[in-house]
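Peer 1: Below: one structure in C-alpha cells.
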Amino acid sequence: MTTSTEAQETAEAAPRDLHEYLSALVREAARNYLAREQIDYPVEELPIDLGFSAQASFGDYSVPLMSWAAKNRLGRPPLVIAEALADYLRSLNLPTLQEVTATRPGYLNFRLNRPLVSRDIMVRVLEAGPDFGQSETGVGTKVVVEHTNINSNKAAHVGHLRNSCLGDTLVRMLRTQGYQVEAQNYIDDTGVQVADVVVGFTLLKEGRLHLPEGDEPLPGEPFDYYCSRVYVAVGKAYDEQPELLERRRAVLRAIEHGSEAEAGRPEEGADYAALAADLSQRIVQAHLKTMSRLNISYDLLTWESAILHSGLWKKTFEVLKNRGLLRRPESGKLAGCWILPFGEGESQDEESEHTLDKVLVKSDGTATYTAKDIAYQLWKFGLTDDPAFDVHFTFVPWGRQHDGRLLWTMRTPGLQGEASKEGDPLRFGHAQRVINVIDVRQSYAQQVVYESLRRLGYEEQANNSTHLAYEIVTLSAATAASLGVDTSDGREFYPMSGRKGIEIKADDLINAAIARMKEVKPDLPDETAAILGASAIRYFMIRFSLQQVIALDMEEVLRPTGDTGVYLQYAYARANSILRRLQESGYEVPERLEELPPALEQSEWDLLRHIDAYPRRLAEATSHLAPNLLAAYAYDLAAHFSDFYEHTPPIVKEEDQRIKAFRAWLVRTTAQVMNNALRTLGFIPLERV
RNA sequence: GGGGCCGUAGCUCAGUGGAUAGAGCAGCGACCUCCUAAGUCGCGUGUCGGAGGUUCGAUUCCUCUCGGCCCCA
C-alpha cells in the first residue's frame, strides 16, 4: 500500500494551510482512483477548487468534482467519483479528518477534527508571529510603485487621498510578499497649475489680483490652503482678463528653462523660476505632512523639473527620433508637432477630427506630460544607464519621515546646497517591475508610454509595466450641497473641481474624522483619536473596488460604526483588552496546549479557519493588486472575532482549564493576525481605545 | 467615430463558473451588577439592467442591447 504511505506523508509534511493540506489529500485520492480504475489522465490537470462548504451541514470544506466527469476527462458520474474518493480518504483513518462525505451532484466534503486542526493553526500563527502571512514570492524582484503624484501648487484633496491610500497599501502588501519595493512620489512641478499660482503671487504683489477672503494668508492658514485660494482666484482672473494668459506663458517658459530664460527680461524669468521652485518645495512639504497623518511615507521624490533639467527628456526625444519612431506632420491640425503615430499602420486622414496619434512635443516646442512620462518610465527600469542617454541624477536626502524612513529626492534646480550627502544613483530605479498608481482617465496616456517602450525594443519592460487604474472620487449630492453646489438637477454625484474650489481638502477630512472620534468618546487621547481617524479614512479609501467611482459622502466616511476602519481597530483593542485582563488576573497562558476541549463552538471554528486563510488571502489580494480584498478580509476577521467574543462567556472567569487555555490561545492568535493585517493596511494598531 | 468602466436589497457597496447571492447604512424591536455597547441578536418575496448564447451548472464567460460615467478631445 504505497499510496497510503504517500498520503500519510502528505498529511505530515507540515502544509502551509488547510487549503493546501486538503487539496493535497484530494489529489492523492484522485491519483489512487485513476490507478485503480485504470484511467489514463494526468492527475495534475484535474481542477481542485476547494472552498468553505456552502452550509455547515455539508462539512467544513468542500470541493466540486462535477467538472471531472466530462467524457474527455474521467467519463464517470461525478457522484460516483466523489464517493470513491471519500471511501479512499476514510480508509486512511487520518486523525485530522472526522468525516468525509460525498453529496450530489458531486461534491466531496470534509469535516475536520476541529480541536486538533485548530491547535495546528494557532501554533503556526504564534510561531511565525509578525511574519505570519509573509511570503517569499517576490524575493529578488525590485518593484517601483509610483503614487500620490500631486501637482505642487495647492492643497491635497480627497481625490489625491484615494491615490495615496491605494498606493501606500499596495506598497505594504507587496513588501509582505518579499518584494523589494521603492515608493516614488512624482511631482509635476513644471506644469500650468504651478505657473498659475506663480502668476497669482506676482499679481497679488502688484495689486492686480484680490482674493475674496483677503489677499494675505488668513490667521493660522496653512501655505497650501492659501495657494488653493490663489489658484481659484487666478482662474477667475483669466476668465475676466484673458490678457493675463500671456503672463502665464512667460512663467511657463521661465520654469521650463530655468534662470537662463526670458531673453530680454532675464531678471523676471529668474524671479519666476525661483518663485516656482520655492512654491513647489513648500507645497510638497505640506503634502508630505498631510500624508504622514495617514501613516503614508515614500522612498524617493521624483520631479518633472529634474527630468527636464537633467536632459533626460532631451535624450529620450533624440533616441525616439533616431529610431524613427516620431513623425512631424507638415500640415493638418498637428502641423509642427512631434507625434507618436498610432494609426494602425495606415496613415491618418489629416482632415479627420479624430486621430490615434499622440502628441509628444507641441508646436511651440514644449513636451507633453506623456513625453516626460516615457523618459521617466525608462529611467525607472534603469534603461537610461545606456550610454545613448548619458544622463545622471543626483540624489540627496530630503528628510526623516514620521515612521523613521529616510526620504530621498532627486536634486532639482530649485533644491541646491545639499550635496554633502549624496545617494548612490544605482540604488534608485532599476526595477524589474513598475506599477503606476494613476486614475483611470490617464489610461490612454499610460498605454502610450508602455507602447513607446515596446517600440524602443524594451518588450520585457513594457510587459512589466502596470497602470493601476482606479476611478475618480466625486461628491455625493448631500456633500456637494454642503459645499454650495447646486444639486437641484438631482444627480447622484457631482465632480470636484479644484479650479472652482469645489473640493474637500485632505486635511479638512482628516480633521473632521478626528473630531468625530472625539465626539463619540470625548475623553479619547489626541493620539488615539488621530490614529482612529486615519484608520477610518484609509479604510474608506481602499474598500471600494478600483473600478468604482466613489461618491464621497462626509457622513459615510466619518461614520465610526459598521464596516469601517474603526471597527477593525476596536476589535483589535478588544482582543488586547482580554489579554490584559487575563494577565491582571494572574493567569499565565500555558506554553503548550496539552489537553484540548472535546469540541469547539461554531464561532471559534469560523474564526480559526478564517485565521488559517490569511496568508492565502493576502497573497491573492497582492497578486491581484487589489487592496480592497485585504480590507474585506480584515473586516471579516474582525467580525468573526466579535462573534466569538459575544457568543462565548468571559475567558477570565472560565473554570474549565482546557477551554480557558484554548481560548486564551485563540485570542492571542487573533490579535497577532489582526496586528499583521492592520499594519499591512497601514493602520497603527491600537491596543486600547 | 473608436476604446474603457459602472448597473446586485430603500441607500452605499462587496462577491463568485458551483449547493439557499452577502455586508454596512437607514427603519422597527431586543441585549450592559460577566473580558470594551465604536459591540451583538432578531426582522429581507433582490427580474444580480434587458435579450440571446456557451456550460452538467451563468449574477459571474461571450454576443447584442438599454441607461449612466470616463478617455481618445
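In the C-alpha cells, chains take the letters A, B, ... in the order shown, each chain's residues start at 1, and ligands count up from 1 in the order shown.
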Please identify every residue of chain B that has at least one atom no more than 8 Å from any atom of chain A, counting only C-alpha atoms (C1' of nucleotides), and report them as a list in words.

Peer 2: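 Contact residues on the first chain: G1, C5, C6, C13, A14, G18, A19, A23, G24, C34, C35, U36, A38, G39, U40, C56, C70, C71 and C72 of chain B.
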
Peer 1: What parts of segment 329-417 of chain A does DSSP call helix (DSSP H, G or I)? I'd like the answer as a ChimeraX atom specification.

Peer 2: /A:369-380,383-385

Peer 1: Would you give me, as a PyMOL selection string, the residues in segment 481-681 of chain A that DSSP reads as strand (DSSP E)?

Peer 2: chain A and resi 493-494+550-552

Peer 1: Please list as JSON, numbers by chain every residue within 8 Å of segment 57-62 of chain B, counting only C-alpha atoms (C1' of nucleotides) and excluding residues in the same chain fewer than 5 positions away.

Peer 2: {"B": [8, 16, 17, 18, 21, 48]}

Peer 1: Taking 2 positions as the minimum chain separation for residues in the same chain, which residues sit within 12 Å of A51 of chain B when counting only C-alpha atoms (C1' of nucleotides)? Answer as a ChimeraX atom specification.

Peer 2: /B:49,53,63-66

Peer 1: Limited to C-alpha atoms (C1' of nucleotides), could you put the picked residues into a file as a PDB file, in the first residue's frame?

Peer 2:
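So selection_20.pdb came out as:
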```
ATOM      1  C1'   G B  49     -30.304  46.476 -16.052  1.00  0.00           C
ATOM      2  C1'   G B  53     -25.530  32.128 -26.471  1.00  0.00           C
ATOM      3  C1'   U B  63     -22.556  38.491 -28.344  1.00  0.00           C
ATOM      4  C1'   C B  64     -26.183  42.108 -28.819  1.00  0.00           C
ATOM      5  C1'   U B  65     -28.880  45.854 -26.303  1.00  0.00           C
ATOM      6  C1'   C B  66     -30.675  49.882 -22.667  1.00  0.00           C
TER       7        C B  66
END
```

Peer 1: So that I can see what lies close to segment 83-99 of chain A, please list as number ranges by chain the residues with an atom at most 6 Å from it, counting only C-alpha atoms (C1' of nucleotides) and leaving out residues fewer than 2 positions away in the same chain.

Peer 2: A: 29, 80-81, 101-102, 110-113

Peer 1: Next, write the just-selected residues to a file, as an mmCIF file, in the first residue's frame, keeping all heavy atoms as the atom set.

Peer 2:
```cif
data_model
loop_
_atom_site.group_PDB
_atom_site.id
_atom_site.type_symbol
_atom_site.label_atom_id
_atom_site.label_comp_id
_atom_site.auth_asym_id
_atom_site.auth_seq_id
_atom_site.Cartn_x
_atom_site.Cartn_y
_atom_site.Cartn_z
ATOM 1 N N ALA A 29 -5.989 11.196 -3.443
ATOM 2 C CA ALA A 29 -7.137 10.289 -3.618
ATOM 3 C C ALA A 29 -7.449 10.124 -5.094
ATOM 4 O O ALA A 29 -7.794 9.024 -5.559
ATOM 5 C CB ALA A 29 -8.348 10.847 -2.870
ATOM 6 N N VAL A 80 -20.259 9.341 -8.329
ATOM 7 C CA VAL A 80 -19.513 8.083 -8.208
ATOM 8 C C VAL A 80 -18.055 8.376 -7.883
ATOM 9 O O VAL A 80 -17.443 7.741 -7.019
ATOM 10 C CB VAL A 80 -19.629 7.261 -9.517
ATOM 11 C CG1 VAL A 80 -18.674 6.073 -9.486
ATOM 12 C CG2 VAL A 80 -21.066 6.817 -9.741
ATOM 13 N N ILE A 81 -17.502 9.351 -8.587
ATOM 14 C CA ILE A 81 -16.107 9.729 -8.326
ATOM 15 C C ILE A 81 -15.966 10.218 -6.887
ATOM 16 O O ILE A 81 -15.061 9.803 -6.153
ATOM 17 C CB ILE A 81 -15.659 10.839 -9.299
ATOM 18 C CG1 ILE A 81 -15.798 10.356 -10.750
ATOM 19 C CG2 ILE A 81 -14.218 11.259 -9.003
ATOM 20 C CD1 ILE A 81 -15.571 11.465 -11.768
ATOM 21 N N THR A 101 -17.513 12.996 3.235
ATOM 22 C CA THR A 101 -18.754 12.571 2.594
ATOM 23 C C THR A 101 -18.794 13.021 1.142
ATOM 24 O O THR A 101 -18.035 13.893 0.725
ATOM 25 C CB THR A 101 -19.984 13.175 3.306
ATOM 26 O OG1 THR A 101 -19.859 14.603 3.259
ATOM 27 C CG2 THR A 101 -20.066 12.716 4.748
ATOM 28 N N ALA A 102 -19.698 12.401 0.399
ATOM 29 C CA ALA A 102 -19.959 12.817 -0.974
ATOM 30 C C ALA A 102 -21.427 13.208 -1.054
ATOM 31 O O ALA A 102 -22.283 12.521 -0.494
ATOM 32 C CB ALA A 102 -19.667 11.679 -1.931
ATOM 33 N N PHE A 110 -15.410 17.638 3.539
ATOM 34 C CA PHE A 110 -14.568 17.290 4.690
ATOM 35 C C PHE A 110 -15.105 17.928 5.949
ATOM 36 O O PHE A 110 -15.386 19.122 5.976
ATOM 37 C CB PHE A 110 -13.139 17.817 4.482
ATOM 38 C CG PHE A 110 -12.426 17.192 3.322
ATOM 39 C CD1 PHE A 110 -12.433 17.811 2.075
ATOM 40 C CD2 PHE A 110 -11.744 16.001 3.473
ATOM 41 C CE1 PHE A 110 -11.768 17.250 1.001
ATOM 42 C CE2 PHE A 110 -11.076 15.423 2.404
ATOM 43 C CZ PHE A 110 -11.083 16.053 1.165
ATOM 44 N N ARG A 111 -15.234 17.109 6.963
ATOM 45 C CA ARG A 111 -15.451 17.660 8.297
ATOM 46 C C ARG A 111 -14.196 17.322 9.087
ATOM 47 O O ARG A 111 -13.770 16.171 9.130
ATOM 48 C CB ARG A 111 -16.694 17.050 8.946
ATOM 49 C CG ARG A 111 -17.193 17.848 10.149
ATOM 50 C CD ARG A 111 -18.446 17.217 10.739
ATOM 51 N NE ARG A 111 -19.537 17.089 9.790
ATOM 52 C CZ ARG A 111 -20.312 18.117 9.410
ATOM 53 N NH1 ARG A 111 -20.116 19.320 9.920
ATOM 54 N NH2 ARG A 111 -21.270 17.927 8.534
ATOM 55 N N LEU A 112 -13.602 18.317 9.681
ATOM 56 C CA LEU A 112 -12.300 18.105 10.307
ATOM 57 C C LEU A 112 -12.411 17.867 11.805
ATOM 58 O O LEU A 112 -13.417 18.223 12.425
ATOM 59 C CB LEU A 112 -11.410 19.328 10.058
ATOM 60 C CG LEU A 112 -11.202 19.714 8.586
ATOM 61 C CD1 LEU A 112 -10.201 20.845 8.474
ATOM 62 C CD2 LEU A 112 -10.746 18.523 7.762
ATOM 63 N N ASN A 113 -11.387 17.304 12.339
ATOM 64 C CA ASN A 113 -11.237 17.227 13.791
ATOM 65 C C ASN A 113 -10.836 18.629 14.240
ATOM 66 O O ASN A 113 -9.668 19.001 14.226
ATOM 67 C CB ASN A 113 -10.160 16.213 14.141
ATOM 68 C CG ASN A 113 -9.954 16.100 15.640
ATOM 69 O OD1 ASN A 113 -10.223 17.044 16.388
ATOM 70 N ND2 ASN A 113 -9.482 14.945 16.073
#
```

Peer 1: Residues near G42 of chain B, anyone? I mean within 12 Å using only C-alpha atoms (C1' of nucleotides), not counting same-chain ones fewer than 3 positions away, as number ranges by chain.

Peer 2: B: 28-31

Peer 1: Output the selection as a short mmCIF file (atom, residue, chain, number, x, y, z; two decimals), in the first residue's frame - N, CA and C atoms (P, O5', C5', C4', C3', O3' and C1' of nucleotides) for each residue.

Peer 2:
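Once written, selection.cif looks like this:
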```cif
data_model
loop_
_atom_site.label_atom_id
_atom_site.label_comp_id
_atom_site.auth_asym_id
_atom_site.auth_seq_id
_atom_site.Cartn_x
_atom_site.Cartn_y
_atom_site.Cartn_z
P C B 28 -37.13 53.72 14.02
"O5'" C B 28 -37.79 52.30 14.30
"C5'" C B 28 -39.18 52.09 14.03
"C4'" C B 28 -39.52 50.63 14.26
"C3'" C B 28 -39.08 50.07 15.60
"O3'" C B 28 -39.94 50.44 16.66
"C1'" C B 28 -38.50 48.56 13.89
P G B 29 -39.26 50.69 18.10
"O5'" G B 29 -38.89 49.22 18.58
"C5'" G B 29 -39.92 48.25 18.70
"C4'" G B 29 -39.32 46.89 18.98
"C3'" G B 29 -38.31 46.82 20.11
"O3'" G B 29 -38.90 46.91 21.39
"C1'" G B 29 -37.55 45.51 18.29
P A B 30 -37.97 47.15 22.66
"O5'" A B 30 -37.46 45.66 22.89
"C5'" A B 30 -36.31 45.47 23.65
"C4'" A B 30 -35.83 44.05 23.48
"C3'" A B 30 -34.54 43.79 24.22
"O3'" A B 30 -34.81 43.37 25.54
"C1'" A B 30 -34.27 43.21 21.95
P C B 31 -34.18 44.29 26.70
"O5'" C B 31 -32.67 43.80 26.71
"C5'" C B 31 -32.40 42.40 26.75
"C4'" C B 31 -30.96 42.13 26.46
"C3'" C B 31 -29.96 42.98 27.23
"O3'" C B 31 -29.81 42.50 28.56
"C1'" C B 31 -29.29 42.77 24.98
#
```

Peer 1: Using only C-alpha atoms (C1' of nucleotides), which protein or nucleic acid residues come within 10 Å of segment 451-467 of chain A? Drop anything in the same chain fewer than 6 positions from it, and give the result as a ChimeraX atom specification.

Peer 2: /A:143-146,319-320,323-325,340,342,371,374-375,377-378,380-381,383,431-440,442-443,445,625

Peer 1: How would the residues just picked look written out with N, CA and C atoms as a tab-separated table (two decimals), in the first residue's frame?

Peer 2:
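Result written to result21.tsv:
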```tsv
chain	number	residue	atom	x	y	z
A	143	VAL	N	10.42	46.28	-7.22
A	143	VAL	CA	9.23	46.90	-7.79
A	143	VAL	C	9.24	48.39	-7.45
A	144	VAL	N	9.06	49.21	-8.45
A	144	VAL	CA	8.85	50.63	-8.20
A	144	VAL	C	7.35	50.89	-8.24
A	145	VAL	N	6.84	51.48	-7.17
A	145	VAL	CA	5.43	51.89	-7.15
A	145	VAL	C	5.39	53.40	-7.11
A	146	GLU	N	4.78	53.97	-8.14
A	146	GLU	CA	4.63	55.42	-8.18
A	146	GLU	C	3.24	55.77	-7.69
A	319	VAL	N	16.57	59.85	-28.89
A	319	VAL	CA	16.53	58.41	-29.14
A	319	VAL	C	15.27	58.03	-29.92
A	320	LEU	N	14.16	58.59	-29.52
A	320	LEU	CA	12.91	58.32	-30.23
A	320	LEU	C	13.00	58.75	-31.69
A	323	ARG	N	15.44	56.50	-33.73
A	323	ARG	CA	14.88	55.19	-34.07
A	323	ARG	C	13.75	55.32	-35.09
A	324	GLY	N	13.47	56.56	-35.49
A	324	GLY	CA	12.43	56.76	-36.50
A	324	GLY	C	11.03	56.51	-35.97
A	325	LEU	N	10.84	56.71	-34.68
A	325	LEU	CA	9.53	56.43	-34.10
A	325	LEU	C	8.60	57.63	-34.12
A	340	LEU	N	3.76	60.60	-31.92
A	340	LEU	CA	3.98	59.16	-31.95
A	340	LEU	C	2.80	58.58	-32.70
A	342	PHE	N	-0.06	56.32	-33.98
A	342	PHE	CA	-0.77	55.14	-33.51
A	342	PHE	C	-1.87	54.79	-34.49
A	371	ALA	N	5.17	62.68	-22.82
A	371	ALA	CA	6.57	62.65	-23.28
A	371	ALA	C	7.50	62.45	-22.10
A	374	ILE	N	7.37	59.00	-20.57
A	374	ILE	CA	8.14	57.98	-21.28
A	374	ILE	C	9.58	57.98	-20.76
A	375	ALA	N	10.15	59.16	-20.66
A	375	ALA	CA	11.52	59.28	-20.16
A	375	ALA	C	11.63	58.73	-18.74
A	377	GLN	N	9.67	56.59	-17.22
A	377	GLN	CA	9.47	55.14	-17.19
A	377	GLN	C	10.74	54.40	-17.59
A	378	LEU	N	11.44	54.94	-18.59
A	378	LEU	CA	12.72	54.35	-19.00
A	378	LEU	C	13.70	54.37	-17.83
A	380	LYS	N	13.01	54.46	-14.62
A	380	LYS	CA	12.61	53.56	-13.54
A	380	LYS	C	13.17	52.15	-13.75
A	381	PHE	N	13.25	51.73	-15.01
A	381	PHE	CA	13.74	50.40	-15.31
A	381	PHE	C	15.27	50.36	-15.41
A	383	LEU	N	16.92	51.79	-17.71
A	383	LEU	CA	17.28	51.74	-19.13
A	383	LEU	C	18.10	52.95	-19.56
A	431	ALA	N	14.23	48.93	-11.61
A	431	ALA	CA	13.18	47.99	-11.21
A	431	ALA	C	13.02	46.89	-12.24
A	432	GLN	N	12.55	45.73	-11.74
A	432	GLN	CA	12.12	44.68	-12.67
A	432	GLN	C	10.67	44.88	-13.04
A	433	ARG	N	9.97	45.59	-12.14
A	433	ARG	CA	8.56	45.79	-12.37
A	433	ARG	C	8.18	47.19	-11.91
A	434	VAL	N	7.28	47.83	-12.65
A	434	VAL	CA	6.86	49.18	-12.31
A	434	VAL	C	5.34	49.23	-12.26
A	435	ILE	N	4.83	49.77	-11.16
A	435	ILE	CA	3.38	49.93	-11.01
A	435	ILE	C	3.08	51.41	-10.81
A	436	ASN	N	2.29	51.95	-11.72
A	436	ASN	CA	1.94	53.37	-11.63
A	436	ASN	C	0.50	53.51	-11.16
A	437	VAL	N	0.34	54.08	-9.98
A	437	VAL	CA	-0.99	54.29	-9.44
A	437	VAL	C	-1.49	55.64	-9.93
A	438	ILE	N	-2.35	55.59	-10.92
A	438	ILE	CA	-2.82	56.82	-11.56
A	438	ILE	C	-4.28	56.62	-11.92
A	439	ASP	N	-5.09	57.67	-11.84
A	439	ASP	CA	-6.51	57.45	-12.06
A	439	ASP	C	-6.81	57.06	-13.51
A	440	VAL	N	-8.00	56.50	-13.68
A	440	VAL	CA	-8.36	55.82	-14.92
A	440	VAL	C	-8.37	56.77	-16.13
A	442	GLN	N	-6.16	58.53	-17.11
A	442	GLN	CA	-4.85	58.52	-17.76
A	442	GLN	C	-4.56	57.20	-18.48
A	443	SER	N	-5.56	56.36	-18.65
A	443	SER	CA	-5.32	55.03	-19.21
A	443	SER	C	-4.68	55.10	-20.60
A	445	ALA	N	-2.98	57.56	-22.00
A	445	ALA	CA	-1.62	58.10	-21.91
A	445	ALA	C	-0.64	57.05	-21.39
A	625	LEU	N	-3.32	42.90	-7.11
A	625	LEU	CA	-3.15	44.34	-6.85
A	625	LEU	C	-4.47	44.95	-6.38
```

Peer 1: Please indicate the distance in Å from atom CA of Val361 of chain A to atom CA of Ser152 of chain A, rounded to one decimal place.

Peer 2: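 Those two atoms sit 22.5 Å apart.
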
Peer 1: Taking into account only C-alpha atoms, which residue in the set A:Met541, A:Tyr179, A:Asp390, A:Ala664 is nearest to Glu591 of chain A?

Peer 2: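 The closest residue to Glu591 of chain A is A:Ala664.
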